[in-house]
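*Asks:* Enclosed is the structure file input-v4.csv (CSV, C-alpha atoms).
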chain,number,residue,atom,x,y,z
A,1,MET,CA,112.6,103.7,72.9
A,2,SER,CA,112.9,104.8,76.5
A,3,VAL,CA,115.4,107.4,77.6
A,4,HIS,CA,117.5,106.2,80.5
A,5,LEU,CA,120.8,106.3,82.3
A,6,GLU,CA,122.9,103.2,81.9
A,7,VAL,CA,125.2,102.2,84.7
A,8,ILE,CA,128.7,101.7,83.2
A,9,GLU,CA,130.3,101.5,86.6
A,10,PRO,CA,128.2,101.6,89.8
A,11,GLY,CA,130.6,103.4,92.2
A,12,LEU,CA,131.3,102.4,95.7
A,13,ALA,CA,127.7,102.4,97.1
A,14,THR,CA,125.3,104.3,94.9
A,15,THR,CA,121.6,104.0,95.8
A,16,ILE,CA,118.3,105.5,94.8
A,17,GLN,CA,116.9,107.6,97.7
A,18,ASP,CA,114.1,110.0,98.3
A,19,LEU,CA,112.8,111.4,101.7
A,20,GLY,CA,112.3,107.9,103.1
A,21,ARG,CA,109.6,105.3,103.7
A,22,ARG,CA,107.7,107.0,106.6
A,23,GLY,CA,104.9,105.6,108.7
A,24,TRP,CA,106.0,101.9,108.6
A,25,GLN,CA,108.5,101.6,111.5
A,26,ARG,CA,105.8,100.2,113.8
A,27,PHE,CA,105.8,97.2,111.4
A,28,GLY,CA,109.6,96.8,111.7
A,29,ILE,CA,110.3,98.4,108.3
A,30,SER,CA,113.2,100.8,108.2
A,31,GLU,CA,112.7,104.4,107.0
A,32,SER,CA,115.8,104.7,104.8
A,33,GLY,CA,115.9,107.8,102.6
A,34,ALA,CA,118.6,110.3,101.8
A,35,MET,CA,121.3,110.6,104.4
A,36,ASP,CA,121.6,114.3,103.7
A,37,PRO,CA,118.1,115.7,103.0
A,38,VAL,CA,119.6,119.2,102.5
A,39,ALA,CA,121.7,117.9,99.6
A,40,LEU,CA,118.7,116.1,98.2
A,41,ALA,CA,116.6,119.3,98.3
A,42,THR,CA,119.4,121.3,96.8
A,43,ALA,CA,120.1,119.0,93.9
A,44,ASN,CA,116.4,118.7,93.1
A,45,ALA,CA,115.9,122.5,93.2
A,46,LEU,CA,118.8,123.0,90.8
A,47,VAL,CA,117.1,120.9,88.1
A,48,GLY,CA,113.5,122.1,88.8
A,49,ASN,CA,112.2,119.1,90.8
A,50,THR,CA,110.3,119.1,94.1
A,51,VAL,CA,112.6,118.7,97.1
A,52,GLY,CA,111.8,115.0,97.8
A,53,THR,CA,112.1,113.7,94.2
A,54,ALA,CA,114.1,110.4,94.1
A,55,ALA,CA,117.7,110.8,93.1
A,56,LEU,CA,121.0,109.0,93.3
A,57,GLU,CA,123.0,109.1,96.6
A,58,VAL,CA,126.7,108.8,95.9
A,59,THR,CA,129.2,107.7,98.6
A,60,LEU,CA,133.0,108.4,98.5
A,61,ALA,CA,133.5,107.3,94.9
A,62,GLY,CA,130.7,107.8,92.3
A,63,PRO,CA,129.4,105.9,89.3
A,64,VAL,CA,130.0,106.2,85.5
A,65,LEU,CA,126.7,106.8,83.7
A,66,ALA,CA,125.7,107.0,80.1
A,67,CYS,CA,122.7,108.9,78.8
A,68,ILE,CA,120.9,106.7,76.3
A,69,ASN,CA,118.2,107.7,73.6
A,70,GLY,CA,117.8,111.3,74.8
A,71,ASP,CA,119.0,114.2,76.9
A,72,THR,CA,118.6,115.3,80.5
A,73,ARG,CA,119.7,118.0,82.9
A,74,ILE,CA,121.7,117.0,86.0
A,75,ALA,CA,123.0,118.5,89.2
A,76,LEU,CA,125.2,117.1,92.0
A,77,ALA,CA,124.9,118.6,95.5
A,78,GLY,CA,126.3,117.7,98.9
A,79,ALA,CA,130.0,116.7,99.2
A,80,ASP,CA,132.4,118.0,96.6
A,81,PHE,CA,133.1,115.3,94.1
A,82,ALA,CA,135.3,115.4,91.0
A,83,MET,CA,133.0,115.2,87.9
A,84,ALA,CA,133.4,115.1,84.1
A,85,ILE,CA,131.2,114.8,81.1
A,86,ASP,CA,132.9,113.0,78.2
A,87,GLY,CA,136.3,113.9,79.8
A,88,ARG,CA,135.4,117.6,80.3
A,89,PRO,CA,135.6,118.5,84.0
A,90,VAL,CA,132.4,120.1,85.3
A,91,ALA,CA,131.5,121.5,88.7
A,92,SER,CA,129.2,120.1,91.4
A,93,HIS,CA,126.4,122.3,92.8
A,94,GLU,CA,125.6,123.5,89.2
A,95,THR,CA,123.4,122.2,86.4
A,96,HIS,CA,124.8,120.6,83.3
A,97,ASP,CA,123.1,119.1,80.2
A,98,LEU,CA,123.9,115.5,79.6
A,99,LYS,CA,123.2,114.7,75.9
A,100,SER,CA,122.4,111.4,74.4
A,101,GLY,CA,125.5,109.2,74.2
A,102,GLN,CA,127.5,111.2,76.6
A,103,HIS,CA,129.2,109.7,79.7
A,104,LEU,CA,129.0,111.3,83.2
A,105,VAL,CA,131.9,110.3,85.4
A,106,ILE,CA,131.7,111.0,89.1
A,107,GLY,CA,135.0,110.4,90.7
A,108,ALA,CA,136.2,110.6,94.3
A,109,ALA,CA,134.9,112.9,97.0
A,110,ARG,CA,137.4,115.7,97.7
A,111,ASP,CA,135.6,116.9,100.8
A,112,GLY,CA,132.8,115.1,102.7
A,113,ALA,CA,131.5,111.7,101.9
A,114,ARG,CA,128.1,111.8,100.2
A,115,ALA,CA,126.4,113.8,97.4
A,116,VAL,CA,123.1,113.5,95.6
A,117,LEU,CA,122.7,113.4,91.8
A,118,ALA,CA,119.3,114.7,90.6
A,119,VAL,CA,118.0,114.5,87.0
A,120,SER,CA,115.3,116.8,85.7
A,121,GLY,CA,112.0,115.1,86.2
A,122,GLY,CA,113.4,112.3,88.3
A,123,PHE,CA,113.4,108.6,87.6
A,124,GLN,CA,110.4,106.4,86.5
A,125,ILE,CA,110.6,103.8,89.3
A,126,LYS,CA,107.6,102.2,91.0
A,127,PRO,CA,107.3,103.0,94.7
A,128,MET,CA,107.2,100.3,97.4
A,129,LEU,CA,105.2,101.3,100.5
A,130,GLY,CA,105.0,104.8,99.3
A,131,SER,CA,108.7,105.4,98.6
A,132,VAL,CA,111.4,104.3,96.2
A,133,ALA,CA,114.1,104.6,98.8
A,134,THR,CA,116.6,101.8,98.8
A,135,HIS,CA,117.0,99.6,102.0
A,136,SER,CA,119.7,97.1,101.0
A,137,ARG,CA,119.5,94.8,104.0
A,138,SER,CA,115.8,94.1,103.3
A,139,GLN,CA,116.2,94.4,99.5
A,140,LEU,CA,113.4,96.9,99.5
A,141,GLY,CA,113.0,99.8,97.1
A,142,GLY,CA,115.4,101.2,94.5
A,143,LEU,CA,115.9,99.5,91.2
A,144,ASN,CA,116.6,96.0,92.4
A,145,GLY,CA,116.5,96.4,96.2
A,146,GLY,CA,120.2,97.3,96.5
A,147,PRO,CA,123.0,99.6,95.3
A,148,LEU,CA,123.3,100.2,91.6
A,149,ARG,CA,125.0,97.4,89.6
A,150,LYS,CA,126.9,97.5,86.3
A,151,GLY,CA,124.4,97.3,83.4
A,152,ASP,CA,121.4,98.7,85.3
A,153,LEU,CA,119.1,101.0,83.3
A,154,LEU,CA,117.5,103.9,85.1
A,155,PRO,CA,114.5,105.2,83.2
A,156,LEU,CA,113.9,108.9,83.2
A,157,ALA,CA,110.4,110.1,84.0
A,158,LEU,CA,110.6,113.4,82.0
A,159,PRO,CA,113.5,113.2,79.5
A,160,GLY,CA,114.6,116.2,77.6
A,161,LEU,CA,116.2,119.5,78.4
A,162,PRO,CA,114.1,122.0,80.4
A,163,GLY,CA,113.6,125.5,79.0
A,164,ARG,CA,114.8,127.2,82.2
A,165,PRO,CA,118.3,128.8,82.7
A,166,HIS,CA,121.2,126.9,84.1
A,167,LEU,CA,121.7,127.5,87.9
A,168,MET,CA,124.5,127.1,90.5
A,169,VAL,CA,124.5,127.3,94.3
A,170,SER,CA,126.1,130.4,95.6
A,171,PRO,CA,129.6,129.6,97.0
A,172,THR,CA,128.6,131.1,100.4
A,173,ASN,CA,126.0,128.4,100.7
A,174,ARG,CA,128.3,125.5,100.2
A,175,VAL,CA,130.3,125.8,103.4
A,176,ARG,CA,130.5,122.5,105.3
A,177,PRO,CA,129.6,123.1,108.9
A,178,ASN,CA,132.1,122.1,111.6
A,179,GLY,CA,132.4,122.2,115.3
A,180,PRO,CA,130.8,119.7,117.8
A,181,VAL,CA,127.8,117.5,116.8
A,182,ARG,CA,125.0,118.7,119.0
A,183,VAL,CA,122.9,116.2,121.0
A,184,LEU,CA,120.0,116.0,123.5
A,185,LEU,CA,120.9,113.6,126.3
A,186,GLY,CA,118.7,110.6,126.7
A,187,PRO,CA,116.4,108.8,126.6
A,188,GLN,CA,118.5,106.4,128.7
A,189,ASP,CA,121.2,108.7,129.9
A,190,ASP,CA,120.4,107.4,133.4
A,191,ALA,CA,121.9,104.1,132.4
A,192,PHE,CA,125.4,105.7,132.4
A,193,SER,CA,127.5,106.9,135.2
A,194,ALA,CA,128.4,110.5,135.7
A,195,GLU,CA,131.9,109.7,134.6
A,196,GLY,CA,130.6,107.9,131.5
A,197,ILE,CA,128.5,110.9,130.4
A,198,ALA,CA,131.5,113.2,131.1
A,199,THR,CA,133.7,110.9,129.0
A,200,PHE,CA,131.1,111.0,126.1
A,201,LEU,CA,130.8,114.8,126.1
A,202,GLY,CA,134.5,115.5,126.8
A,203,SER,CA,136.2,113.1,124.3
A,204,ASP,CA,136.9,113.0,120.6
A,205,TYR,CA,135.8,109.9,118.7
A,206,ALA,CA,137.1,108.6,115.4
A,207,VAL,CA,134.7,107.4,112.6
A,208,THR,CA,135.7,103.7,111.8
A,209,PRO,CA,135.7,102.1,108.4
A,210,LEU,CA,132.8,99.8,109.6
A,211,SER,CA,130.4,102.7,109.3
A,212,ASP,CA,127.6,102.6,106.7
A,213,ARG,CA,124.1,103.9,106.1
A,214,MET,CA,122.8,101.9,109.0
A,215,GLY,CA,125.2,103.2,111.7
A,216,CYS,CA,128.3,105.4,112.2
A,217,ARG,CA,130.6,103.4,114.5
A,218,LEU,CA,133.0,105.4,116.6
A,219,GLU,CA,136.2,104.6,118.4
A,220,GLY,CA,137.6,106.4,121.4
A,221,PRO,CA,137.5,106.5,125.2
A,222,ARG,CA,135.2,103.9,126.7
A,223,VAL,CA,131.8,105.3,128.0
A,224,ALA,CA,131.0,103.6,131.3
A,225,HIS,CA,127.6,102.2,132.0
A,226,ALA,CA,126.0,102.7,135.5
A,227,SER,CA,124.0,99.4,135.3
A,228,ALA,CA,123.4,96.4,133.1
A,229,VAL,CA,124.1,97.1,129.4
A,230,GLY,CA,120.8,95.7,128.1
A,231,ILE,CA,117.4,97.4,128.2
A,232,VAL,CA,113.9,96.4,127.0
A,233,SER,CA,114.0,97.1,123.3
A,234,ASP,CA,112.4,100.3,122.3
A,235,GLY,CA,112.2,102.6,119.3
A,236,ILE,CA,115.2,104.1,117.5
A,237,VAL,CA,115.2,107.4,115.6
A,238,PHE,CA,117.7,108.8,113.1
A,239,GLY,CA,120.5,110.1,115.3
A,240,SER,CA,120.1,107.8,118.3
A,241,ILE,CA,123.4,107.0,119.9
A,242,GLN,CA,123.7,103.6,121.4
A,243,ILE,CA,126.4,102.4,123.7
A,244,PRO,CA,126.9,98.6,123.6
A,245,GLY,CA,128.9,96.7,126.1
A,246,ASN,CA,132.3,97.7,124.7
A,247,GLY,CA,131.6,101.4,125.5
A,248,GLN,CA,132.0,102.6,121.9
A,249,PRO,CA,129.2,104.8,120.6
A,250,ILE,CA,127.2,103.9,117.5
A,251,ILE,CA,125.1,106.6,115.9
A,252,LEU,CA,122.1,105.1,114.2
A,253,LEU,CA,121.4,106.5,110.7
A,254,ALA,CA,118.9,106.3,107.8
A,255,ASP,CA,119.0,102.5,107.4
A,256,ARG,CA,118.8,101.8,111.1
A,257,GLN,CA,116.8,99.0,112.7
A,258,THR,CA,113.5,100.1,114.1
A,259,THR,CA,114.1,99.0,117.7
A,260,GLY,CA,117.1,98.1,119.8
A,261,GLY,CA,118.2,96.8,123.2
A,262,TYR,CA,121.3,98.9,123.9
A,263,PRO,CA,120.8,102.0,126.1
A,264,LYS,CA,120.9,105.3,124.2
A,265,ILE,CA,123.0,108.0,125.9
A,266,ALA,CA,121.9,110.8,123.6
A,267,THR,CA,120.2,111.7,120.3
A,268,VAL,CA,121.8,113.9,117.6
A,269,ILE,CA,119.6,116.9,116.9
A,270,SER,CA,117.8,116.9,113.6
A,271,ALA,CA,119.6,120.0,112.4
A,272,ASP,CA,123.0,118.2,112.6
A,273,LEU,CA,121.8,115.0,110.9
A,274,PRO,CA,123.1,116.1,107.4
A,275,ARG,CA,126.5,116.4,108.9
A,276,LEU,CA,126.6,112.7,109.8
A,277,ALA,CA,126.2,111.9,106.1
A,278,GLN,CA,129.5,113.7,105.4
A,279,LEU,CA,131.6,112.0,108.0
A,280,ARG,CA,134.5,110.1,106.4
A,281,PRO,CA,136.4,107.2,108.0
A,282,GLY,CA,139.1,108.6,110.2
A,283,GLU,CA,137.4,111.9,110.9
A,284,ARG,CA,136.9,112.8,114.5
A,285,VAL,CA,133.6,113.7,116.2
A,286,HIS,CA,133.1,115.7,119.4
A,287,PHE,CA,129.6,116.0,121.1
A,288,GLN,CA,128.0,118.9,122.7
A,289,SER,CA,124.8,118.7,124.8
A,290,ILE,CA,122.2,121.4,124.2
A,291,GLU,CA,118.7,122.1,125.5
A,292,GLU,CA,115.5,121.0,123.7
A,293,ASP,CA,114.3,124.6,123.0
A,294,GLU,CA,117.6,125.3,121.2
A,295,ALA,CA,117.3,122.1,119.2
A,296,VAL,CA,113.7,123.0,118.1
A,297,LYS,CA,114.9,126.4,117.0
A,298,LEU,CA,117.8,124.9,115.0
A,299,VAL,CA,115.6,122.4,113.2
A,300,ARG,CA,113.1,125.1,112.3
A,301,GLU,CA,116.0,127.1,110.8
A,302,MET,CA,117.0,124.0,108.8
A,303,ARG,CA,113.5,123.5,107.5
A,304,ARG,CA,113.3,127.1,106.4
A,305,GLN,CA,116.7,126.6,104.6
A,306,ILE,CA,115.2,123.7,102.7
A,307,ASP,CA,112.1,125.7,101.9
A,308,ARG,CA,114.2,128.6,100.6
A,309,VAL,CA,116.9,126.5,98.9
A,310,GLY,CA,116.1,128.1,95.5
A,311,ASP,CA,117.0,131.5,97.0
A,312,SER,CA,120.7,130.6,97.2
A,313,MET,CA,121.0,129.9,93.4
A,314,ILE,CA,122.6,132.0,90.8
A,315,GLU,CA,121.7,132.0,87.1
A,316,VAL,CA,124.5,130.7,84.9
A,317,HIS,CA,124.0,132.4,81.6
A,318,GLY,CA,124.3,130.1,78.7
A,319,GLY,CA,125.4,127.3,81.0
A,320,SER,CA,128.9,128.8,81.1
A,321,ASN,CA,129.3,131.6,83.6
A,322,LEU,CA,132.9,132.8,83.8
A,323,THR,CA,132.4,135.4,86.6
A,324,SER,CA,134.9,135.5,89.4
A,325,GLU,CA,132.2,134.1,91.8
A,326,HIS,CA,131.7,131.1,89.5
A,327,LEU,CA,135.4,130.4,89.0
A,328,LEU,CA,136.0,130.6,92.8
A,329,ALA,CA,133.3,128.0,93.3
A,330,SER,CA,134.9,125.5,90.9
A,331,ASN,CA,137.9,123.4,91.9
A,332,LEU,CA,139.3,123.4,88.4
A,333,ILE,CA,142.7,121.6,88.8
A,334,SER,CA,141.8,118.8,91.1
A,335,GLY,CA,138.6,118.2,89.2
A,336,VAL,CA,140.6,117.7,86.0
A,337,ILE,CA,143.0,115.3,87.6
A,338,SER,CA,140.6,113.3,89.7
A,339,ALA,CA,138.0,112.8,86.9
A,340,LEU,CA,140.5,112.0,84.2
A,341,GLU,CA,142.3,109.5,86.4
A,342,TRP,CA,138.9,107.8,87.0
A,343,VAL,CA,138.3,107.6,83.3
A,344,GLN,CA,141.8,106.3,82.5
A,345,ALA,CA,141.5,103.6,85.2
A,346,ASP,CA,138.1,102.5,83.8
A,347,VAL,CA,139.6,102.3,80.2
A,348,ALA,CA,142.6,100.4,81.4
A,349,THR,CA,140.5,97.7,83.1
A,350,SER,CA,137.9,97.4,80.3
Rewrite the structure from the file as structure tokens, please.

*Replies:*
Amino acid sequence: MSVHLEVIEPGLATTIQDLGRRGWQRFGISESGAMDPVALATANALVGNTVGTAALEVTLAGPVLACINGDTRIALAGADFAMAIDGRPVASHETHDLKSGQHLVIGAARDGARAVLAVSGGFQIKPMLGSVATHSRSQLGGLNGGPLRKGDLLPLALPGLPGRPHLMVSPTNRVRPNGPVRVLLGPQDDAFSAEGIATFLGSDYAVTPLSDRMGCRLEGPRVAHASAVGIVSDGIVFGSIQIPGNGQPIILLADRQTTGGYPKIATVISADLPRLAQLRPGERVHFQSIEEDEAVKLVREMRRQIDRVGDSMIEVHGGSNLTSEHLLASNLISGVISALEWVQADVATS
């Protein structure tokens, strides 16, 4: 019998993601992929996978999963979520063994919005156009072309517990970046008045509840156009910032459309894209314009960080490291409360 994870409860919006379906945008096919590639690389490195191995992307409130017919090793990285195995609170950014019959509960995010759950060896799912990344609007990729559903079975590619030590990410490497989101102006910044650009760079914008994997919708002072709102449709990249007729910015994200007809005032630099994945509704965003050479330097630093992600990990002896560094990295009290509340709510409704 196959070893798999059974979806007991799917969570708010849990999808299978890898590094994306690249090379197909010219045919109108969205790239998709993990919203936070650093989290994907970190979770995979913890369990011994290559950085781009497909994993589960969890948003705001996670799933309840049961391990069936075998064991596996897991790790959650990205935002800090409450987590428990069979009612026992466990920490994110650390490996844990999930034994046959045990239930993993991923509760609510305590900070940030998205995390990635990797399993040792990854999932045995057939790629579509070179990727298993889920794009829900076109029902492409993943298990059934959309978010996980109750009763789904996720087959494990290499079940069993690896012989390597348990690992955790050093607490100093879990700090969530803050400050302005850095952008390069353009490619259509000439479509906006000087006042409009000053408003865009000088104002705070709130993330609205309408935001999703396709775009982060912002609300704040209106950005004034200098001319007609529409342009001839052209290509859109991860981080393009469109300004439609209402003057409210929209940051295009992993599931973005491939072309668009609204002028783009700026583009979020690649090094700050993982931060977009962690924006919660109600949080505020401020933009800062930088030069291209600085943006190139920053993205090279991020790529080096991904390449060296394993360097930030600490061996957890016997899977239970009680050093002061380990304890400081674990939110023990809120983890107990949040995870157990999630389990109790599930039991009460079942």

*Asks:* Looking at A:Ala277, A:Ile306, A:Met83, A:Leu148, which one is nearest to Gly52 (chain A), with distances taken over only C-alpha atoms?

*Replies:*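 Closest to Gly52 (chain A), using only C-alpha atoms: A:Ile306.
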
*Asks:* May I have the residues within 8 Å of region 126-130 of chain A as an mmCIF file with C-alpha atoms, in the coordinates of the input, using all atoms listed in the file and disregarding those fewer than 6 positions away in the same chain?

*Replies:*
data_model
loop_
_atom_site.group_PDB
_atom_site.id
_atom_site.type_symbol
_atom_site.label_atom_id
_atom_site.label_comp_id
_atom_site.auth_asym_id
_atom_site.auth_seq_id
_atom_site.Cartn_x
_atom_site.Cartn_y
_atom_site.Cartn_z
ATOM 1 C CA ARG A 21 109.600 105.300 103.700
ATOM 2 C CA LEU A 140 113.400 96.900 99.500
ATOM 3 C CA GLY A 141 113.000 99.800 97.100
#

*Asks:* Tell me which protein, DNA and RNA residues are within 8 Å of region 266-274 of chain A, counting all atoms listed in the file, leaving out same-chain ones fewer than 2 positions away, and put them as a PyMOL selection string.

*Replies:* chain A and resi 35-38+181-189+238-242+264+276-278+295+298-299+302

*Asks:* Please work out which residues fall within 9 Å of (117.6, 101.8, 120.6), coordinates as given in the file, with all atoms listed in the file counting, and return them as a PDB file with C-alpha atoms, keeping the file's coordinate frame.

*Replies:*
ATOM      1  CA  ILE A 231     117.400  97.400 128.200  1.00  0.00           C
ATOM      2  CA  SER A 233     114.000  97.100 123.300  1.00  0.00           C
ATOM      3  CA  ASP A 234     112.400 100.300 122.300  1.00  0.00           C
ATOM      4  CA  GLY A 235     112.200 102.600 119.300  1.00  0.00           C
ATOM      5  CA  ILE A 236     115.200 104.100 117.500  1.00  0.00           C
ATOM      6  CA  VAL A 237     115.200 107.400 115.600  1.00  0.00           C
ATOM      7  CA  SER A 240     120.100 107.800 118.300  1.00  0.00           C
ATOM      8  CA  ILE A 241     123.400 107.000 119.900  1.00  0.00           C
ATOM      9  CA  GLN A 242     123.700 103.600 121.400  1.00  0.00           C
ATOM     10  CA  LEU A 252     122.100 105.100 114.200  1.00  0.00           C
ATOM     11  CA  GLN A 257     116.800  99.000 112.700  1.00  0.00           C
ATOM     12  CA  THR A 258     113.500 100.100 114.100  1.00  0.00           C
ATOM     13  CA  THR A 259     114.100  99.000 117.700  1.00  0.00           C
ATOM     14  CA  GLY A 260     117.100  98.100 119.800  1.00  0.00           C
ATOM     15  CA  GLY A 261     118.200  96.800 123.200  1.00  0.00           C
ATOM     16  CA  TYR A 262     121.300  98.900 123.900  1.00  0.00           C
ATOM     17  CA  PRO A 263     120.800 102.000 126.100  1.00  0.00           C
ATOM     18  CA  LYS A 264     120.900 105.300 124.200  1.00  0.00           C
TER      19      LYS A 264
END

*Asks:* Compare A:Leu201, A:Ile243, A:Val64, A:Val58 by their minimum atom-to-atom distance to Ala34 (chain A), counting all atoms listed in the file, and give me the closest one.

*Replies:*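 Smallest separation from Ala34 (chain A) among the options: A:Val58.
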
*Asks:* Go through region 152-235 of chain A residue by residue and, counting all atoms listed in the file, keep those with an atom at most 12 Å from region 12-18 of chain A; for each kept residue give the shortest atom pair and its distance in Å to one decimal, ordered by chain and increasing number, as JSON lines.

*Replies:*
{"residue": "A:Asp152", "atom": "CA", "partner": "A:Thr15", "partner_atom": "CA", "distance": 11.8}
{"residue": "A:Leu154", "atom": "CA", "partner": "A:Ile16", "partner_atom": "CA", "distance": 9.9}
{"residue": "A:Asp212", "atom": "CA", "partner": "A:Ala13", "partner_atom": "CA", "distance": 9.6}
{"residue": "A:Arg213", "atom": "CA", "partner": "A:Ala13", "partner_atom": "CA", "distance": 9.8}

*Asks:* Residues at most 8 Å from Ala43 (chain A), counting only C-alpha atoms, excluding those fewer than 6 positions away in the same chain, as a list in words?

*Replies:*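 In the requested format, the answer is Ala75, Leu76, Ala77, His93, Val116, Leu117 and Ala118 of chain A.
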
*Asks:* Just to confirm, what's the straight-line distance from CA of Ala109 (chain A) to CA of Leu56 (chain A) in Å (one decimal)?

*Replies:*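 Straight-line distance from CA of Ala109 (chain A) to CA of Leu56 (chain A) works out to 14.9 Å.
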
*Asks:* Hey, what's within 12 Å of Leu161 (chain A) if we count only C-alpha atoms and toss same-chain stuff fewer than 5 positions away? As a VMD selection string, please?

*Replies:* chain A and resid 47 to 48 70 to 74 95 to 100 119 to 121 156 166

*Asks:* Between A:Ala82, A:Val90, A:Met313, A:Val223, which one has atoms that come closest to Arg110 (chain A), using all atoms listed in the file?

*Replies:*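 Ranked by minimum distance to Arg110 (chain A), first place goes to A:Ala82.
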
*Asks:* (131.9, 116.9, 82.1) in this file's frame - what residues fall within 10 Å of it? Use only C-alpha atoms and give the answer as a list of chain:residue names.

*Replies:*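 Looking at atoms near the point gives A:Ala82, A:Met83, A:Ala84, A:Ile85, A:Asp86, A:Gly87, A:Arg88, A:Pro89, A:Val90, A:Ala91, A:His96, A:Asp97, A:Leu98, A:Gln102, A:His103, A:Leu104, A:Val105, A:Ile106, A:Gly335, A:Val336, A:Ala339.
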
*Asks:* For region 196-208 of chain A, supply N, CA, C and O atoms and report the output as a tab-separated table (two decimals), in the frame of the given file.

*Replies:*
chain	number	residue	atom	x	y	z
A	196	GLY	N	130.81	108.33	132.89
A	196	GLY	CA	130.60	107.90	131.50
A	196	GLY	C	130.03	109.04	130.65
A	196	GLY	O	130.47	109.24	129.51
A	197	ILE	N	129.08	109.82	131.18
A	197	ILE	CA	128.50	110.90	130.40
A	197	ILE	C	129.60	112.01	130.21
A	197	ILE	O	129.70	112.60	129.13
A	198	ALA	N	130.42	112.25	131.25
A	198	ALA	CA	131.50	113.20	131.10
A	198	ALA	C	132.51	112.78	130.03
A	198	ALA	O	133.01	113.60	129.25
A	199	THR	N	132.79	111.49	129.99
A	199	THR	CA	133.70	110.90	129.00
A	199	THR	C	133.08	111.14	127.57
A	199	THR	O	133.76	111.58	126.63
A	200	PHE	N	131.80	110.83	127.43
A	200	PHE	CA	131.10	111.00	126.10
A	200	PHE	C	131.14	112.39	125.63
A	200	PHE	O	131.41	112.64	124.45
A	201	LEU	N	130.89	113.37	126.51
A	201	LEU	CA	130.80	114.80	126.10
A	201	LEU	C	132.20	115.43	126.03
A	201	LEU	O	132.35	116.47	125.39
A	202	GLY	N	133.19	114.83	126.68
A	202	GLY	CA	134.50	115.50	126.80
A	202	GLY	C	135.58	114.85	125.88
A	202	GLY	O	136.73	115.27	125.94
A	203	SER	N	135.21	113.87	125.06
A	203	SER	CA	136.20	113.10	124.30
A	203	SER	C	135.98	113.30	122.78
A	203	SER	O	134.86	113.58	122.34
A	204	ASP	N	137.04	113.11	122.02
A	204	ASP	CA	136.90	113.00	120.60
A	204	ASP	C	136.83	111.53	120.19
A	204	ASP	O	137.52	110.68	120.78
A	205	TYR	N	135.98	111.23	119.20
A	205	TYR	CA	135.80	109.90	118.70
A	205	TYR	C	136.06	109.82	117.21
A	205	TYR	O	135.66	110.72	116.47
A	206	ALA	N	136.75	108.77	116.77
A	206	ALA	CA	137.10	108.60	115.40
A	206	ALA	C	136.04	107.76	114.66
A	206	ALA	O	135.58	106.74	115.21
A	207	VAL	N	135.66	108.14	113.45
A	207	VAL	CA	134.70	107.40	112.60
A	207	VAL	C	135.52	106.15	112.08
A	207	VAL	O	136.59	106.30	111.50
A	208	THR	N	134.98	104.95	112.28
A	208	THR	CA	135.70	103.70	111.80
A	208	THR	C	135.24	103.34	110.42
A	208	THR	O	134.16	103.74	109.96
